[in-house]
$ cat target31.txt   # compact mmCIF, C-alpha atoms
# COMPACT_ATOMS: atom_id res chain seq x y z
CA MET A 1 263.38 112.65 92.14
CA GLN A 2 265.08 111.48 95.32
CA LEU A 3 268.33 113.37 95.93
CA GLY A 4 271.31 111.98 97.79
CA LEU A 5 274.93 112.62 98.71
CA CYS A 6 277.92 110.31 98.79
CA LEU A 7 278.51 110.15 102.55
CA ASP A 8 279.01 107.70 105.37
CA PRO A 9 276.89 107.85 108.53
CA ALA A 10 279.71 109.49 110.51
CA THR A 11 279.85 112.41 108.06
CA LEU A 12 276.07 112.56 107.92
CA ALA A 13 276.04 113.19 111.66
CA THR A 14 278.09 116.40 111.17
CA LEU A 15 275.60 118.01 108.75
CA PRO A 16 273.08 120.60 109.92
CA LYS A 17 269.54 119.37 110.51
CA PRO A 18 266.96 119.03 109.20
CA HIS A 19 268.58 117.32 106.24
CA THR A 20 267.50 118.65 102.86
CA PHE A 21 268.18 115.42 100.96
CA ASP A 22 266.63 111.97 100.91
CA PHE A 23 269.41 109.40 101.20
CA ILE A 24 273.14 108.76 101.39
CA GLU A 25 275.22 106.68 98.98
CA GLY A 26 277.98 104.63 100.54
CA HIS A 27 281.33 103.16 99.50
CA VAL A 28 281.57 99.40 99.08
CA GLN A 29 285.24 99.08 99.98
CA ASN A 30 285.19 101.47 102.96
CA PHE A 31 281.70 100.82 104.32
CA LEU A 32 280.78 97.24 103.40
CA MET A 33 284.43 96.15 103.77
CA PRO A 34 284.11 92.87 101.80
CA GLU A 35 287.68 91.84 102.64
CA SER A 36 287.25 92.33 106.41
CA SER A 37 285.52 90.20 109.00
CA ASP A 38 281.86 90.44 109.95
CA ALA A 39 283.01 91.69 113.35
CA ASP A 40 284.82 94.59 111.68
CA PHE A 41 281.74 95.38 109.60
CA ALA A 42 279.32 95.26 112.53
CA PRO A 43 279.98 98.83 113.82
CA HIS A 44 279.36 100.21 110.33
CA LEU A 45 276.04 98.41 110.11
CA ALA A 46 275.04 99.60 113.58
CA ALA A 47 275.90 103.21 112.69
CA LEU A 48 273.79 103.04 109.55
CA ARG A 49 270.83 101.54 111.37
CA ALA A 50 271.03 104.42 113.86
CA ALA A 51 271.27 107.07 111.12
CA PRO A 52 268.24 109.18 110.15
CA LEU A 53 268.62 108.48 106.42
CA ARG A 54 268.81 105.24 104.48
CA MET A 55 271.68 104.10 102.25
CA PRO A 56 270.05 102.43 99.22
CA ALA A 57 273.21 102.43 97.08
CA ALA A 58 276.99 102.13 97.32
CA ASN A 59 279.73 102.84 94.79
CA CYS A 60 283.41 101.87 94.34
CA PHE A 61 282.59 98.17 94.07
CA LEU A 62 286.00 96.62 93.35
CA PRO A 63 289.50 97.64 94.49
CA PRO A 64 292.22 97.83 91.80
CA ALA A 65 293.71 94.50 92.90
CA HIS A 66 290.57 92.61 91.84
CA LYS A 67 291.03 92.82 88.08
CA VAL A 68 288.17 91.97 85.78
CA VAL A 69 290.18 92.51 82.58
CA GLY A 70 293.67 91.56 81.49
CA PRO A 71 295.77 88.41 81.87
CA ALA A 72 295.37 88.03 85.66
CA VAL A 73 291.61 87.72 86.28
CA ASP A 74 290.78 85.43 89.23
CA PRO A 75 287.09 84.40 89.08
CA ILE A 76 287.29 82.55 92.41
CA ALA A 77 288.57 85.63 94.27
CA LEU A 78 286.03 87.84 92.51
CA THR A 79 283.21 85.49 93.49
CA ARG A 80 284.32 85.37 97.12
CA TYR A 81 284.56 89.18 97.31
CA ALA A 82 281.21 89.74 95.58
CA GLN A 83 279.34 87.26 97.76
CA VAL A 84 280.37 89.13 100.90
CA ALA A 85 279.66 92.54 99.35
CA PHE A 86 276.16 91.60 98.21
CA ARG A 87 275.27 89.85 101.48
CA ARG A 88 276.29 92.90 103.50
CA ALA A 89 274.50 95.20 101.07
CA ARG A 90 271.29 93.30 101.78
CA GLU A 91 271.90 93.51 105.52
CA ALA A 92 272.38 97.27 105.18
CA GLY A 93 269.18 97.70 103.16
CA MET A 94 270.98 98.49 99.90
CA SER A 95 269.58 97.49 96.54
CA VAL A 96 272.09 99.15 94.17
CA ILE A 97 275.83 98.50 93.81
CA VAL A 98 277.64 100.83 91.42
CA PHE A 99 280.28 99.14 89.24
CA GLY A 100 282.66 101.97 88.42
CA SER A 101 286.00 100.66 89.71
CA ALA A 102 288.37 102.22 87.18
CA GLY A 103 291.45 100.42 88.48
CA ALA A 104 289.83 97.00 88.34
CA ARG A 105 288.69 97.41 84.74
CA MET A 106 291.63 99.37 83.27
CA ILE A 107 292.92 97.69 80.12
CA PRO A 108 296.65 96.92 80.49
CA ASP A 109 299.04 98.29 77.88
CA GLY A 110 299.16 96.05 74.84
CA PHE A 111 296.08 94.06 75.82
CA SER A 112 293.22 93.64 73.33
CA ALA A 113 290.43 96.17 73.89
CA THR A 114 287.97 93.77 72.27
CA ARG A 115 288.95 90.96 74.63
CA ALA A 116 288.82 93.36 77.60
CA PHE A 117 285.23 94.29 76.79
CA GLU A 118 284.35 90.60 76.58
CA GLN A 119 285.98 90.05 79.98
CA TYR A 120 284.01 92.93 81.44
CA VAL A 121 280.77 91.37 80.22
CA GLU A 122 281.91 88.01 81.61
CA ALA A 123 282.43 89.69 85.00
CA LEU A 124 278.91 91.12 84.88
CA ARG A 125 277.56 87.65 84.11
CA LEU A 126 279.58 86.23 87.02
CA PHE A 127 278.31 88.82 89.49
CA ALA A 128 274.69 89.02 88.33
CA PRO A 129 273.26 85.84 89.90
CA LEU A 130 275.20 86.50 93.11
CA ALA A 131 273.65 89.96 93.30
CA GLN A 132 270.20 88.67 92.43
CA ALA A 133 270.34 86.17 95.29
CA HIS A 134 270.54 89.11 97.71
CA GLY A 135 268.07 91.43 96.00
CA VAL A 136 270.83 93.66 94.65
CA THR A 137 271.16 95.28 91.22
CA ILE A 138 274.60 96.00 89.75
CA VAL A 139 274.66 99.22 87.75
CA VAL A 140 277.29 99.71 85.06
CA GLU A 141 278.90 103.14 85.46
CA PRO A 142 280.54 104.51 82.29
CA LEU A 143 283.64 106.49 83.32
CA ASN A 144 285.22 109.38 81.45
CA ARG A 145 288.25 108.72 79.26
CA GLY A 146 290.54 110.60 81.62
CA GLU A 147 289.88 108.08 84.39
CA CYS A 148 289.49 104.77 82.57
CA ASN A 149 289.98 103.20 79.13
CA LEU A 150 287.05 100.77 79.09
CA VAL A 151 283.27 101.46 78.94
CA ASN A 152 283.48 105.23 78.77
CA THR A 153 280.24 106.37 77.14
CA ILE A 154 276.69 105.62 78.17
CA ARG A 155 276.17 103.90 74.81
CA GLU A 156 279.07 101.56 75.62
CA GLY A 157 277.60 101.02 79.08
CA ALA A 158 274.23 100.18 77.56
CA GLU A 159 275.90 97.66 75.24
CA ALA A 160 277.60 95.98 78.20
CA VAL A 161 274.22 95.75 79.96
CA ARG A 162 272.63 94.34 76.82
CA ARG A 163 275.36 91.74 76.44
CA ALA A 164 275.21 90.73 80.11
CA ASP A 165 271.49 90.07 79.57
CA HIS A 166 270.47 89.68 83.21
CA PRO A 167 267.74 91.44 85.22
CA SER A 168 270.23 92.28 87.99
CA VAL A 169 272.50 94.25 85.63
CA LYS A 170 271.33 97.75 84.73
CA LEU A 171 272.73 101.10 83.55
CA LEU A 172 273.86 104.14 85.51
CA VAL A 173 274.05 107.58 83.87
CA ASP A 174 276.60 109.97 85.38
CA LEU A 175 276.28 113.51 84.04
CA PHE A 176 279.80 114.45 85.22
CA HIS A 177 281.39 111.70 83.14
CA MET A 178 279.16 112.59 80.20
CA LEU A 179 280.29 116.21 80.41
CA ARG A 180 283.94 115.21 80.59
CA ASN A 181 283.51 112.98 77.53
CA GLY A 182 281.60 115.61 75.55
CA GLU A 183 278.57 113.34 75.25
CA SER A 184 275.22 114.78 74.23
CA PRO A 185 272.04 114.85 76.30
CA ASP A 186 270.44 113.15 73.29
CA ASP A 187 272.59 110.09 74.00
CA ILE A 188 270.45 109.51 77.10
CA LEU A 189 267.47 109.01 74.80
CA GLN A 190 269.31 106.34 72.81
CA VAL A 191 270.16 103.94 75.65
CA GLY A 192 268.00 101.42 77.45
CA PRO A 193 266.31 101.86 80.81
CA ILE A 194 268.28 103.85 83.40
CA HIS A 195 268.42 102.49 86.94
CA HIS A 196 270.56 105.05 88.81
CA ALA A 197 272.13 108.47 88.23
CA HIS A 198 275.03 110.58 89.49
CA LEU A 199 276.11 114.14 88.79
CA ALA A 200 278.69 116.81 89.55
CA GLU A 201 279.89 119.84 87.66
CA ASP A 202 282.53 119.33 84.97
CA ARG A 203 284.90 121.98 86.35
CA ASP A 204 286.74 120.67 89.43
CA ARG A 205 284.07 117.97 89.83
CA ALA A 206 282.34 120.55 92.00
CA ALA A 207 278.92 120.36 93.58
CA PRO A 208 275.98 121.78 91.60
CA GLY A 209 275.84 125.57 91.82
CA VAL A 210 279.53 126.17 92.55
CA ASN A 211 280.36 127.11 88.95
CA ASN A 212 276.71 127.53 87.89
CA GLU A 213 276.97 124.84 85.21
CA ASP A 214 273.76 124.02 83.41
CA PHE A 215 272.49 120.45 83.80
CA ARG A 216 269.04 121.24 82.44
CA PRO A 217 269.51 119.66 78.98
CA PHE A 218 270.64 116.40 80.59
CA LEU A 219 267.88 116.53 83.19
CA ARG A 220 265.27 117.13 80.50
CA ALA A 221 266.58 114.08 78.66
CA LEU A 222 266.33 112.01 81.85
CA LYS A 223 262.78 113.28 82.27
CA LYS A 224 261.88 112.18 78.74
CA THR A 225 263.03 108.64 79.52
CA GLY A 226 260.71 108.56 82.54
CA TYR A 227 263.58 108.34 85.03
CA ASN A 228 262.47 109.55 88.46
CA ALA A 229 264.40 107.55 91.04
CA LEU A 230 267.73 108.16 92.79
CA LEU A 231 270.04 111.03 91.82
CA THR A 232 273.29 111.26 93.80
CA ILE A 233 275.64 114.23 93.98
CA GLU A 234 279.09 112.61 93.70
CA CYS A 235 281.42 115.58 93.87
CA ILE A 236 284.60 116.98 95.40
CA TRP A 237 283.59 119.48 98.07
CA LYS A 238 285.58 122.72 98.03
CA THR A 239 285.21 123.07 101.79
CA SER A 240 282.89 120.50 103.38
CA PRO A 241 279.42 119.04 102.85
CA ALA A 242 278.38 120.70 106.12
CA LEU A 243 278.80 124.09 104.40
CA GLU A 244 278.02 123.21 100.80
CA ALA A 245 275.33 120.53 100.82
CA ALA A 246 272.29 122.75 101.42
CA PRO A 247 273.07 125.40 98.76
CA SER A 248 274.12 122.68 96.30
CA LEU A 249 270.87 120.80 96.77
CA ALA A 250 268.88 124.03 96.41
CA ALA A 251 270.66 124.78 93.12
CA LEU A 252 270.00 121.28 91.85
CA ARG A 253 266.33 121.38 92.83
CA LYS A 254 265.93 124.65 90.90
CA GLN A 255 267.39 123.03 87.77
CA LEU A 256 265.25 119.93 88.24
CA ALA A 257 262.13 122.10 88.47
CA ASP A 258 263.18 123.97 85.33
CA ALA A 259 263.60 120.60 83.60
CA GLY A 260 260.05 119.57 84.47
CA TYR A 261 260.57 117.49 87.62

$ encode --input "target31.txt" --output "structure tokens"
Amino acid sequence: MQLGLCLDPATLATLPKPHTFDFIEGHVQNFLMPESSDADFAPHLAALRAAPLRMPAANCFLPPAHKVVGPAVDPIALTRYAQVAFRRAREAGMSVIVFGSAGARMIPDGFSATRAFEQYVEALRLFAPLAQAHGVTIVVEPLNRGECNLVNTIREGAEAVRRADHPSVKLLVDLFHMLRNGESPDDILQVGPIHHAHLAEDRDRAAPGVNNEDFRPFLRALKKTGYNALLTIECIWKTSPALEAAPSLAALRKQLADAGY
């Protein structure tokens, strides 16, 4: 398993060396900056190319203003935004864009949940060929019910992937959101292929090892599916990654070893 942290290159530069993880995961809106000029993006790209670790993935795809559900969806604006995001992802060497984006997919009060799910699938179908043209895969990220009201469980995420029916749309499994929802590790065995994974502890969304929460049942389930790719710690640091990253990664590696990795 390749382990990563959600960081930008500037933060990476503040961490002690040698680094004990394999990659960093970026932020589409803050790093790729799809609504800013290429000139504004250029320093970000230069910083990444000078960094000692690669950035194969980025999360936070859409800002809240770019709605994919509800009465005010603008496919032209979504297409324009996505084309820039995917082009810059390719330039940065990324192959995975995480479609969490709670604000963009929140169902408005009084709006049909059934129609909202259809709109979400329509958005995936809109983005998929744009992503494919740049060698990018969109991963559906189910979000816990406290953060979003659409596509909360990994089974719902798998259904959205199935309905999108495109090779550039895959599923992400986030153990933090699963814990918050009360989902079972067995649910991992019931969904289709997994393309990316996140985790953090349930309590305080802390880094692994802070509260000594046990991920082993979920990790064993991932192992049974054959998943052995990217696993990103997406947490809220109590102090700073400079102080917490190394012990957190050590705690996670111990649990991965116990789970058979």

$ atom_distance --input "target31.txt" --atom1 "atom CA of A:Phe86" --atom2 "atom CA of A:Ile154"
24.5 Å

$ atom_distance --input "target31.txt" --atom1 "atom CA of A:Ala47" --atom2 "atom CA of A:Asp22"
17.4 Å

$ residues_around --input "target31.txt" --residues "stretch 55-69 of chain A" --least-positions-apart "6" --cutoff "6 Å" --atoms "all atoms listed in the file" --output "VMD selection string"
chain A and resid 23 to 28 94 to 101 103 to 105 116 119

$ residues_around --input "target31.txt" --residues "A:Thr114" --least-positions-apart "6" --cutoff "12 Å" --atoms "all atoms listed in the file" --output "VMD selection string"
chain A and resid 69 to 70 107 120 to 121 149 to 151

$ closest_residue --input "target31.txt" --among "A:Pro247, A:Gly93, A:Pro241, A:Pro129" --to "A:Cys6" --atoms "all atoms listed in the file"
A:Pro241

$ closest_residue --input "target31.txt" --among "A:Leu32, A:Leu249, A:Ala46, A:Leu256" --to "A:Pro208" --atoms "all atoms listed in the file"
A:Leu249

$ atom_distance --input "target31.txt" --atom1 "atom CA of A:Asn211" --atom2 "atom CA of A:Ile236"
12.7 Å

$ closest_residue --input "target31.txt" --among "A:Leu199, A:Leu124, A:Leu252, A:Ala51" --to "A:Arg163" --atoms "only C-alpha atoms"
A:Leu124

$ residues_around --input "target31.txt" --residues "A:Tyr227" --least-positions-apart "6" --cutoff "9 Å" --atoms "all atoms listed in the file" --output "PDB file with C-alpha atoms, in the frame of the given file"
ATOM      1  CA  MET A   1     263.380 112.650  92.140  1.00  0.00           C
ATOM      2  CA  PRO A 193     266.310 101.860  80.810  1.00  0.00           C
ATOM      3  CA  ILE A 194     268.280 103.850  83.400  1.00  0.00           C
ATOM      4  CA  HIS A 195     268.420 102.490  86.940  1.00  0.00           C
ATOM      5  CA  HIS A 196     270.560 105.050  88.810  1.00  0.00           C
TER       6      HIS A 196
END
